[in-house]
$ cat final.pdb   # PDB, C-alpha atoms and all ligand atoms
ATOM      1  CA  MET C   1      50.626  24.419  -3.636
ATOM      2  CA  TYR C   2      50.928  24.692   0.097
ATOM      3  CA  SER C   3      49.338  21.304   0.534
ATOM      4  CA  ALA C   4      51.936  19.634  -1.670
ATOM      5  CA  ARG C   5      54.701  21.264   0.270
ATOM      6  CA  ARG C   6      53.309  20.282   3.641
ATOM      7  CA  ASN C   7      52.413  16.722   2.698
ATOM      8  CA  ILE C   8      55.749  15.713   1.373
ATOM      9  CA  PRO C   9      57.743  16.341   4.547
ATOM     10  CA  ALA C  10      55.075  14.371   6.406
ATOM     11  CA  VAL C  11      55.643  11.448   4.066
ATOM     12  CA  THR C  12      59.358  11.768   4.598
ATOM     13  CA  LEU C  13      58.843  11.714   8.335
ATOM     14  CA  LEU C  14      56.706   8.611   8.148
ATOM     15  CA  PHE C  15      59.339   7.029   5.988
ATOM     16  CA  ILE C  16      62.028   7.734   8.549
ATOM     17  CA  MET C  17      59.826   6.477  11.378
ATOM     18  CA  SER C  18      59.084   3.248   9.577
ATOM     19  CA  SER C  19      62.766   2.743   8.946
ATOM     20  CA  LEU C  20      63.525   3.311  12.601
ATOM     21  CA  SER C  21      60.923   0.851  13.750
ATOM     22  CA  GLY C  22      62.196  -1.550  11.113
ATOM     23  CA  THR C  23      65.656  -1.401  12.619
ATOM     24  CA  VAL C  24      64.324  -2.077  16.098
ATOM     25  CA  ALA C  25      62.054  -4.876  14.967
ATOM     26  CA  PHE C  26      64.605  -6.661  12.887
ATOM     27  CA  PRO C  27      66.424  -8.681  15.583
ATOM     28  CA  GLN C  28      63.053 -10.102  16.665
ATOM     29  CA  ALA C  29      62.267 -11.017  13.105
ATOM     30  CA  VAL C  30      65.590 -12.799  12.813
ATOM     31  CA  LYS C  31      64.890 -14.659  16.029
ATOM     32  CA  PHE C  32      61.543 -15.799  14.722
ATOM     33  CA  ILE C  33      62.960 -16.983  11.423
ATOM     34  CA  ARG C  34      65.760 -18.854  13.143
ATOM     35  CA  ARG C  35      63.297 -20.610  15.426
ATOM     36  CA  ALA C  36      61.241 -21.707  12.473
ATOM     37  CA  ALA C  37      64.133 -22.744  10.302
ATOM     38  CA  ASP C  38      66.289 -24.344  12.939
ATOM     39  CA  PRO C  39      63.867 -25.624  15.580
ATOM     40  CA  LEU C  40      66.075 -28.143  17.321
ATOM     41  CA  PRO C  41      68.252 -26.418  19.854
ATOM     42  CA  LEU C  42      66.278 -23.277  20.286
ATOM     43  CA  ALA C  43      62.725 -24.674  20.296
ATOM     44  CA  ASN C  44      63.635 -27.480  22.684
ATOM     45  CA  MET C  45      65.111 -25.063  25.068
ATOM     46  CA  LEU C  46      62.071 -22.858  24.992
ATOM     47  CA  VAL C  47      59.472 -25.646  25.241
ATOM     48  CA  GLY C  48      61.145 -27.292  28.203
ATOM     49  CA  ARG C  49      61.560 -24.065  30.084
ATOM     50  CA  ALA C  50      59.691 -23.697  33.343
ATOM     51  CA  PRO C  51      58.216 -20.455  34.524
ATOM     52  CA  CYS C  52      60.841 -18.387  36.127
ATOM     53  CA  ARG C  53      60.634 -18.199  39.917
ATOM     54  CA  ARG C  54      63.077 -16.509  42.122
ATOM     55  CA  ASP C  55      62.176 -18.353  45.357
ATOM     56  CA  SER C  56      64.153 -21.444  44.418
ATOM     57  CA  GLY C  57      64.064 -22.662  48.030
ATOM     58  CA  SER C  58      60.334 -23.422  47.903
ATOM     59  CA  ALA C  59      58.898 -26.881  47.275
ATOM     60  CA  VAL C  60      57.097 -25.742  44.150
ATOM     61  CA  THR C  61      60.174 -24.763  42.294
ATOM     62  CA  ALA C  62      62.332 -27.717  43.267
ATOM     63  CA  PRO C  63      61.058 -30.114  40.554
ATOM     64  CA  HIS C  64      61.646 -27.527  37.892
ATOM     65  CA  ALA C  65      65.139 -26.982  39.139
ATOM     66  CA  ALA C  66      65.760 -30.730  38.910
ATOM     67  CA  ILE C  67      64.432 -30.950  35.378
ATOM     68  CA  ALA C  68      66.515 -28.065  34.374
ATOM     69  CA  ALA C  69      69.608 -29.640  35.879
ATOM     70  CA  SER C  70      69.006 -32.990  34.197
ATOM     71  CA  SER C  71      68.436 -31.486  30.818
ATOM     72  CA  ASP C  72      71.670 -29.583  31.181
ATOM     73  CA  LEU C  73      70.001 -26.366  30.300
ATOM     74  CA  GLY C  74      70.513 -24.706  33.616
ATOM     75  CA  SER C  75      67.886 -22.774  35.472
ATOM     76  CA  PRO C  76      65.608 -20.890  33.142
ATOM     77  CA  CYS C  77      66.040 -17.900  35.359
ATOM     78  CA  ASN C  78      69.741 -17.985  34.793
ATOM     79  CA  THR C  79      69.614 -18.833  31.130
ATOM     80  CA  PRO C  80      70.872 -15.872  29.266
ATOM     81  CA  PRO C  81      68.547 -14.767  26.513
ATOM     82  CA  VAL C  82      69.457 -16.079  23.101
ATOM     83  CA  LYS C  83      71.556 -13.496  21.504
ATOM     84  CA  VAL C  84      71.028 -12.765  17.857
ATOM     85  CA  PRO C  85      73.601 -10.499  16.308
ATOM     86  CA  SER C  86      72.157  -7.076  15.861
ATOM     87  CA  VAL C  87      72.506  -6.647  12.140
ATOM     88  CA  ASN C  88      71.559  -3.444  10.468
ATOM     89  CA  PRO C  89      69.795  -4.639   7.320
ATOM     90  CA  CYS C  90      70.292  -1.289   5.712
ATOM     91  CA  ASN C  91      74.041  -1.353   6.085
ATOM     92  CA  ALA C  92      75.568  -1.070   2.635
ATOM     93  CA  SER C  93      77.883  -3.989   3.441
ATOM     94  CA  SER C  94      74.980  -6.264   4.273
ATOM     95  CA  PRO C  95      73.970  -8.418   1.326
ATOM     96  CA  ALA C  96      70.443  -8.899   2.649
ATOM     97  CA  GLN C  97      68.616  -5.684   2.022
ATOM     98  CA  ILE C  98      65.279  -7.094   0.996
ATOM     99  CA  GLY C  99      62.503  -5.223   2.708
ATOM    100  CA  CYS C 100      64.885  -2.554   3.879
ATOM    101  CA  HIS C 101      63.218   0.797   4.025
ATOM    102  CA  ALA C 102      66.191   2.906   4.987
ATOM    103  CA  PRO C 103      65.957   6.153   3.075
ATOM    104  CA  ARG C 104      68.804   6.372   0.630
ATOM    105  CA  ASP C 105      70.054   9.858   0.029
ATOM    106  CA  LEU C 106      69.735   9.777  -3.742
ATOM    107  CA  VAL C 107      70.580  13.469  -4.037
ATOM    108  CA  GLN C 108      73.863  12.821  -2.285
ATOM    109  CA  GLU C 109      74.599   9.911  -4.618
ATOM    110  CA  ASP C 110      73.802  12.025  -7.684
ATOM    111  CA  LEU C 111      76.068  14.812  -6.518
ATOM    112  CA  ALA C 112      78.887  12.426  -5.713
ATOM    113  CA  ALA C 113      78.721  11.234  -9.325
ATOM    114  CA  MET C 114      78.857  14.759 -10.752
ATOM    115  CA  GLY C 115      82.585  15.299 -10.392
ATOM    116  CA  LYS C 116      84.150  18.377  -8.851
ATOM    117  CA  PRO C 117      81.099  20.672  -9.130
ATOM    118  CA  GLY C 118      79.020  17.964  -7.468
ATOM    119  CA  GLN C 119      81.544  17.694  -4.618
ATOM    120  CA  LYS C 120      81.339  21.431  -3.987
ATOM    121  CA  ILE C 121      77.553  21.371  -3.942
ATOM    122  CA  LEU C 122      77.586  18.327  -1.678
ATOM    123  CA  ARG C 123      79.853  19.999   0.883
ATOM    124  CA  ALA C 124      77.728  23.142   0.950
ATOM    125  CA  ARG C 125      74.526  21.081   1.078
ATOM    126  CA  ASP C 126      75.841  19.200   4.133
ATOM    127  CA  ARG C 127      76.576  22.472   5.911
ATOM    128  CA  VAL C 128      73.145  23.864   5.063
ATOM    129  CA  LEU C 129      71.489  20.689   6.363
ATOM    130  CA  GLU C 130      73.456  21.025   9.600
ATOM    131  CA  ILE C 131      72.250  24.606   9.938
ATOM    132  CA  LEU C 132      68.630  23.775   9.191
ATOM    133  CA  GLN C 133      68.370  20.769  11.470
ATOM    134  CA  THR C 134      69.718  22.498  14.570
ATOM    135  CA  GLU C 135      68.206  25.224  16.708
ATOM    136  CA  ASN C 136      69.494  28.618  15.683
ATOM    137  CA  ALA C 137      68.245  31.966  14.390
ATOM    138  CA  CYS C 138      68.604  30.838  10.787
ATOM    139  CA  SER C 139      66.578  27.625  11.100
ATOM    140  CA  ALA C 140      63.980  29.478  13.190
ATOM    141  CA  TRP C 141      63.594  31.970  10.358
ATOM    142  CA  PHE C 142      62.977  29.204   7.818
ATOM    143  CA  ARG C 143      60.525  27.547  10.181
ATOM    144  CA  GLU C 144      58.306  30.613   9.803
ATOM    145  CA  LYS C 145      57.358  29.102   6.450
ATOM    146  CA  ASP C 146      58.258  25.440   6.766
ATOM    147  CA  ALA C 147      57.955  23.396   9.956
ATOM    148  CA  ASN C 148      60.742  21.025   8.864
ATOM    149  CA  PRO C 149      63.127  22.999   6.685
ATOM    150  CA  ALA C 150      65.888  20.375   6.811
ATOM    151  CA  ASP C 151      63.498  17.673   5.565
ATOM    152  CA  THR C 152      62.398  19.888   2.708
ATOM    153  CA  PHE C 153      65.922  20.922   1.818
ATOM    154  CA  ARG C 154      67.021  17.287   1.737
ATOM    155  CA  THR C 155      64.569  16.584  -1.093
ATOM    156  CA  LEU C 156      66.022  19.238  -3.397
ATOM    157  CA  SER C 157      67.932  18.313  -6.519
ATOM    158  CA  PHE C 158      70.752  20.266  -8.082
ATOM    159  CA  ALA C 159      71.658  20.972 -11.668
ATOM    160  CA  VAL C 160      74.792  22.621 -12.982
ATOM    161  CA  ASP C 161      74.253  25.029 -15.870
ATOM    162  CA  ARG C 162      77.426  24.536 -17.885
ATOM    163  CA  LYS C 163      76.343  26.974 -20.576
ATOM    164  CA  GLY C 164      75.175  29.775 -18.308
ATOM    165  CA  GLU C 165      76.205  33.416 -18.373
ATOM    166  CA  GLU C 166      79.926  33.790 -18.025
ATOM    167  CA  PHE C 167      80.713  37.489 -18.389
ATOM    168  CA  VAL C 168      80.307  40.445 -16.119
ATOM    169  CA  LEU C 169      78.389  42.942 -18.225
ATOM    170  CA  GLU C 170      79.474  46.529 -17.842
ATOM    171  CA  SER C 171      77.231  49.256 -19.127
ATOM    172  CA  ARG C 172      78.056  52.936 -19.061
ATOM    173  CA  ASN C 173      75.293  55.282 -18.158
ATOM    174  CA  PRO C 174      74.963  58.930 -19.135
ATOM    175  CA  GLY C 175      75.771  59.987 -15.571
ATOM    176  CA  ASP C 176      79.223  58.452 -15.986
ATOM    177  CA  MET C 177      78.176  55.647 -13.683
ATOM    178  CA  ASN C 178      79.201  52.180 -14.688
ATOM    179  CA  ILE C 179      76.866  49.354 -13.859
ATOM    180  CA  PHE C 180      78.217  45.850 -13.542
ATOM    181  CA  ARG C 181      76.002  42.857 -13.829
ATOM    182  CA  SER C 182      77.586  39.604 -12.733
ATOM    183  CA  PRO C 183      76.672  36.233 -14.186
ATOM    184  CA  TYR C 184      73.802  34.743 -12.237
ATOM    185  CA  VAL C 185      74.723  32.449  -9.351
ATOM    186  CA  ALA C 186      71.702  30.121  -9.123
ATOM    187  CA  TRP C 187      68.009  30.076  -9.825
ATOM    188  CA  VAL C 188      64.835  28.261  -8.800
ATOM    189  CA  PHE C 189      61.139  28.534  -9.464
ATOM    190  CA  GLN C 190      59.608  30.757  -6.812
ATOM    191  CA  ALA C 191      57.789  28.811  -4.062
ATOM    192  CA  ASP C 192      58.520  25.496  -5.772
ATOM    193  CA  GLY C 193      58.900  23.726  -2.418
ATOM    194  CA  SER C 194      59.947  20.116  -1.904
ATOM    195  CA  TYR C 195      61.636  18.185  -4.686
ATOM    196  CA  ALA C 196      62.458  21.358  -6.569
ATOM    197  CA  THR C 197      65.728  21.824  -8.436
ATOM    198  CA  ILE C 198      68.330  24.464  -7.717
ATOM    199  CA  THR C 199      70.207  25.257 -10.906
ATOM    200  CA  ILE C 200      73.683  26.633 -10.348
ATOM    201  CA  ASN C 201      75.677  28.486 -12.962
ATOM    202  CA  LEU C 202      79.095  26.913 -13.486
ATOM    203  CA  LYS C 203      80.480  30.352 -14.387
ATOM    204  CA  GLY C 204      78.798  32.203 -11.513
ATOM    205  CA  ALA C 205      80.082  33.018  -8.030
ATOM    206  CA  PHE C 206      79.168  29.631  -6.582
ATOM    207  CA  PHE C 207      81.983  27.997  -8.524
ATOM    208  CA  SER C 208      84.118  30.852  -9.834
ATOM    209  CA  PRO C 209      86.139  33.522  -8.018
ATOM    210  CA  MET C 210      86.219  35.855 -11.034
ATOM    211  CA  ALA C 211      84.860  36.456 -14.487
ATOM    212  CA  ARG C 212      85.781  38.429 -17.557
ATOM    213  CA  VAL C 213      84.156  41.821 -18.022
ATOM    214  CA  VAL C 214      82.663  42.914 -21.303
ATOM    215  CA  GLU C 215      81.264  46.285 -22.158
ATOM    216  CA  VAL C 216      77.728  46.306 -23.407
ATOM    217  CA  GLN C 217      77.293  48.709 -26.306
ATOM    218  CA  LYS C 218      73.941  50.444 -26.237
ATOM    219  CA  GLU C 219      73.961  50.580 -29.994
ATOM    220  CA  GLY C 220      74.359  46.823 -30.126
ATOM    221  CA  GLY C 221      77.923  46.845 -31.406
ATOM    222  CA  PRO C 222      80.452  44.098 -30.664
ATOM    223  CA  TRP C 223      81.346  43.489 -27.053
ATOM    224  CA  SER C 224      84.772  44.546 -25.986
ATOM    225  CA  LEU C 225      86.707  42.727 -23.306
ATOM    226  CA  LEU C 226      87.672  44.947 -20.387
ATOM    227  CA  GLY C 227      89.600  42.581 -18.148
ATOM    228  CA  VAL C 228      88.418  40.546 -15.182
ATOM    229  CA  ARG C 229      86.404  41.252 -12.056
ATOM    230  CA  VAL C 230      86.050  39.296  -8.844
ATOM    231  CA  LEU C 231      82.739  37.609  -8.153
ATOM    232  CA  GLY C 232      81.042  37.139  -4.818
ATOM    233  CA  VAL C 233      77.855  36.320  -2.960
ATOM    234  CA  GLY C 234      77.078  39.048  -0.449
ATOM    235  CA  PRO C 235      80.323  39.885   1.351
ATOM    236  CA  TYR C 236      81.954  36.556   0.484
ATOM    237  CA  ALA C 237      84.365  35.766  -2.328
ATOM    238  CA  GLY C 238      83.196  33.597  -5.180
ATOM    239  CA  ASP C 239      83.998  29.889  -4.938
ATOM    240  CA  SER C 240      84.290  30.104  -1.132
ATOM    241  CA  MET C 241      82.346  27.906   1.259
ATOM    242  CA  HIS C 242      80.734  31.022   2.747
ATOM    243  CA  ALA C 243      79.441  32.049  -0.657
ATOM    244  CA  GLN C 244      78.198  28.559  -1.457
ATOM    245  CA  ILE C 245      76.272  28.137   1.795
ATOM    246  CA  LEU C 246      74.780  31.606   1.463
ATOM    247  CA  ALA C 247      73.762  30.984  -2.141
ATOM    248  CA  LEU C 248      71.946  27.761  -1.220
ATOM    249  CA  LEU C 249      70.180  29.407   1.710
ATOM    250  CA  HIS C 250      69.127  32.280  -0.573
ATOM    251  CA  GLU C 251      67.638  29.888  -3.134
ATOM    252  CA  PHE C 252      65.963  27.887  -0.398
ATOM    253  CA  GLY C 253      64.419  31.148   0.831
ATOM    254  CA  HIS C 254      62.751  31.473  -2.582
ATOM    255  CA  LEU C 255      61.623  27.854  -2.613
ATOM    256  CA  VAL C 256      59.750  28.151   0.680
ATOM    257  CA  ASP C 257      58.494  31.593  -0.353
ATOM    258  CA  LEU C 258      60.286  33.313   2.480
ATOM    259  CA  LEU C 259      62.046  35.702   0.086
ATOM    260  CA  PRO C 260      60.200  37.609  -2.624
ATOM    261  CA  THR C 261      61.055  36.889  -6.218
ATOM    262  CA  ASP C 262      64.002  38.807  -7.626
ATOM    263  CA  GLU C 263      63.925  37.634 -11.197
ATOM    264  CA  GLY C 264      66.234  39.641 -13.387
ATOM    265  CA  ASP C 265      67.594  41.353 -10.262
ATOM    266  CA  GLN C 266      65.485  44.445 -10.860
ATOM    267  CA  ASP C 267      66.247  47.297  -8.465
ATOM    268  CA  GLY C 268      68.863  45.257  -6.620
ATOM    269  CA  LYS C 269      66.266  42.907  -5.120
ATOM    270  CA  SER C 270      68.640  39.978  -5.177
ATOM    271  CA  VAL C 271      71.157  41.912  -3.105
ATOM    272  CA  GLN C 272      68.390  42.866  -0.684
ATOM    273  CA  ASN C 273      67.348  39.229  -0.415
ATOM    274  CA  THR C 274      70.912  38.152   0.258
ATOM    275  CA  SER C 275      71.109  40.789   3.014
ATOM    276  CA  GLU C 276      67.914  39.405   4.492
ATOM    277  CA  VAL C 277      69.385  35.886   4.580
ATOM    278  CA  LEU C 278      72.516  37.252   6.235
ATOM    279  CA  ARG C 279      70.474  39.071   8.846
ATOM    280  CA  PHE C 280      69.263  35.734  10.200
ATOM    281  CA  CYS C 281      71.938  33.321   9.053
ATOM    282  CA  ARG C 282      75.284  35.101   9.096
ATOM    283  CA  THR C 283      76.501  33.535  12.334
ATOM    284  CA  GLU C 284      75.674  30.027  11.159
ATOM    285  CA  VAL C 285      77.042  30.580   7.642
ATOM    286  CA  GLU C 286      80.381  31.712   9.010
ATOM    287  CA  TYR C 287      80.556  29.073  11.714
ATOM    288  CA  LYS C 288      79.688  26.205   9.360
ATOM    289  CA  ALA C 289      81.970  27.439   6.619
ATOM    290  CA  ARG C 290      84.858  27.569   9.069
ATOM    291  CA  ARG C 291      84.119  24.078  10.275
ATOM    292  CA  GLY C 292      83.957  22.899   6.672
ATOM    293  CA  ALA C 293      87.356  24.432   5.916
ATOM    294  CA  LEU C 294      88.878  22.781   8.979
ATOM    295  CA  SER C 295      87.569  19.345   8.134
ATOM    296  CA  ALA C 296      88.659  19.739   4.499
ATOM    297  CA  ALA C 297      92.198  20.587   5.634
ATOM    298  CA  ARG C 298      92.525  17.400   7.636
TER     299      ARG C 298
HETATM  300 ZN    ZN X 301      67.129  35.639  -5.296
END
$ encode --input "final.pdb" --output "structure tokens" --more "lines below"
Ligand SMILES: [Zn+2]
Amino acid sequence: MYSARRNIPAVTLLFIMSSLSGTVAFPQAVKFIRRAADPLPLANMLVGRAPCRRDSGSAVTAPHAAIAASSDLGSPCNTPPVKVPSVNPCNASSPAQIGCHAPRDLVQEDLAAMGKPGQKILRARDRVLEILQTENACSAWFREKDANPADTFRTLSFAVDRKGEEFVLESRNPGDMNIFRSPYVAWVFQADGSYATITINLKGAFFSPMARVVEVQKEGGPWSLLGVRVLGVGPYAGDSMHAQILALLHEFGHLVDLLPTDEGDQDGKSVQNTSEVLRFCRTEVEYKARRGALSAAR
């Protein structure tokens, strides 16, 4: 599936390029349409225009200067170019969007419509995009597997698992060691690449700072509630911007096959993977999260 992953960012790039050239070309297109639709003032001016010569003192240019003066158009050399308002056809306020190829960020629109969970994902997604599209150790690490990590990340969709695990499971081992297993934070299909979906557990550490603890009975008896326990992603508290950015980067690491699979969190692989993300991305995670908190406070 490498080819699918590499092709799609290329298509995205072409799409962006065509939209850029469309923006540049548009004023000319407007000019052309106006000339065709309203030929009188503009066409007359252009047809009657003499070649522009700077040496107006010469005999050759004198007649042209006279014509220009009599037609009240002024010297063609001094005639300012016809100015057509530079309209961005892809501006949301512009009614004329036919033929507009500006890429709409549909993921952003979906998230904005998803209420509070969507807003949290959107904020973290913005920070991750900022990290991935600038030069830093974190983006360089992702580029080991994907030449345009920001482009790939932008294609990802998000789903909120509202019925996901919600308890911290505590199991007591013979060696008197208690093992806690937190509700999962998010999951993806390994190496799923562009246009994959990141599913985030509403009761996991992305959205929740704590969860109730239940004791798992080996004999399969009823669960007993043992209080609450704080949740987190790596060193960061659950429901914090740090945790959210780190969680998305971790899942993205799986999607581009930079991190090995850690399904079921056997042998603490998920924790190891999170440490690996932090090794390259900690500076950016903490810088972006701080910036996000500052802008949210304004
Ligand atoms: Zn993982």
$ resolve_selection --input "final.pdb" --expression "the PyMOL selection byres (((chain C and resi 228) around 7) and not hetatm)" --output "ChimeraX atom specification"
/C:210-213,226-227,229-230
$ closest_atom_pairs --input "final.pdb" --of "chain C" --to "ligand ZN 301 (chain X)" --cutoff "10 Å" --atoms "all atoms listed in the file" --output "JSON lines"
{"residue": "C:Tyr184", "atom": "CA", "partner": "X:ZN301", "partner_atom": "ZN", "distance": 9.7}
{"residue": "C:Val185", "atom": "CA", "partner": "X:ZN301", "partner_atom": "ZN", "distance": 9.2}
{"residue": "C:Ala186", "atom": "CA", "partner": "X:ZN301", "partner_atom": "ZN", "distance": 8.1}
{"residue": "C:Trp187", "atom": "CA", "partner": "X:ZN301", "partner_atom": "ZN", "distance": 7.2}
{"residue": "C:Val188", "atom": "CA", "partner": "X:ZN301", "partner_atom": "ZN", "distance": 8.5}
{"residue": "C:Gln190", "atom": "CA", "partner": "X:ZN301", "partner_atom": "ZN", "distance": 9.1}
{"residue": "C:Ala247", "atom": "CA", "partner": "X:ZN301", "partner_atom": "ZN", "distance": 8.7}
{"residue": "C:Leu249", "atom": "CA", "partner": "X:ZN301", "partner_atom": "ZN", "distance": 9.9}
{"residue": "C:His250", "atom": "CA", "partner": "X:ZN301", "partner_atom": "ZN", "distance": 6.1}
{"residue": "C:Glu251", "atom": "CA", "partner": "X:ZN301", "partner_atom": "ZN", "distance": 6.2}
{"residue": "C:Phe252", "atom": "CA", "partner": "X:ZN301", "partner_atom": "ZN", "distance": 9.2}
{"residue": "C:Gly253", "atom": "CA", "partner": "X:ZN301", "partner_atom": "ZN", "distance": 8.1}
{"residue": "C:His254", "atom": "CA", "partner": "X:ZN301", "partner_atom": "ZN", "distance": 6.6}
{"residue": "C:Leu255", "atom": "CA", "partner": "X:ZN301", "partner_atom": "ZN", "distance": 9.9}
{"residue": "C:Leu259", "atom": "CA", "partner": "X:ZN301", "partner_atom": "ZN", "distance": 7.4}
{"residue": "C:Pro260", "atom": "CA", "partner": "X:ZN301", "partner_atom": "ZN", "distance": 7.7}
{"residue": "C:Thr261", "atom": "CA", "partner": "X:ZN301", "partner_atom": "ZN", "distance": 6.3}
{"residue": "C:Asp262", "atom": "CA", "partner": "X:ZN301", "partner_atom": "ZN", "distance": 5.0}
{"residue": "C:Glu263", "atom": "CA", "partner": "X:ZN301", "partner_atom": "ZN", "distance": 7.0}
{"residue": "C:Gly264", "atom": "CA", "partner": "X:ZN301", "partner_atom": "ZN", "distance": 9.1}
{"residue": "C:Asp265", "atom": "CA", "partner": "X:ZN301", "partner_atom": "ZN", "distance": 7.6}
{"residue": "C:Gly268", "atom": "CA", "partner": "X:ZN301", "partner_atom": "ZN", "distance": 9.9}
{"residue": "C:Lys269", "atom": "CA", "partner": "X:ZN301", "partner_atom": "ZN", "distance": 7.3}
{"residue": "C:Ser270", "atom": "CA", "partner": "X:ZN301", "partner_atom": "ZN", "distance": 4.6}
{"residue": "C:Val271", "atom": "CA", "partner": "X:ZN301", "partner_atom": "ZN", "distance": 7.8}
{"residue": "C:Gln272", "atom": "CA", "partner": "X:ZN301", "partner_atom": "ZN", "distance": 8.7}
{"residue": "C:Asn273", "atom": "CA", "partner": "X:ZN301", "partner_atom": "ZN", "distance": 6.1}
{"residue": "C:Thr274", "atom": "CA", "partner": "X:ZN301", "partner_atom": "ZN", "distance": 7.2}
$ atom_distance --input "final.pdb" --atom1 "atom CA of C:Arg154" --atom2 "atom CA of C:Asp110"
12.7 Å
$ atom_distance --input "final.pdb" --atom1 "atom CA of C:Glu286" --atom2 "atom CA of C:Ala243"
9.7 Å
$ atom_distance --input "final.pdb" --atom1 "atom CA of C:Pro209" --atom2 "atom CA of C:Ser240"
7.9 Å
$ residues_around --input "final.pdb" --residues "C:Asn201" --least-positions-apart "2" --cutoff "9 Å" --atoms "only C-alpha atoms" --output "list in words"
Ala159, Val160, Asp161, Arg162, Lys163, Gly164, Glu165, Glu166, Pro183, Tyr184, Val185, Ala186, Trp187, Thr199, Lys203, Gly204, Ala205, Phe206 and Phe207 of chain C
$ residues_near_point --input "final.pdb" --point "(78.8, 17.1, -3.9)" --cutoff "10 Å" --atoms "all atoms listed in the file" --output "list in words"
Val107, Gln108, Glu109, Asp110, Leu111, Ala112, Ala113, Met114, Gly115, Lys116, Pro117, Gly118, Gln119, Lys120, Ile121, Leu122, Arg123, Ala124, Arg125, Asp126 and Phe158 of chain C
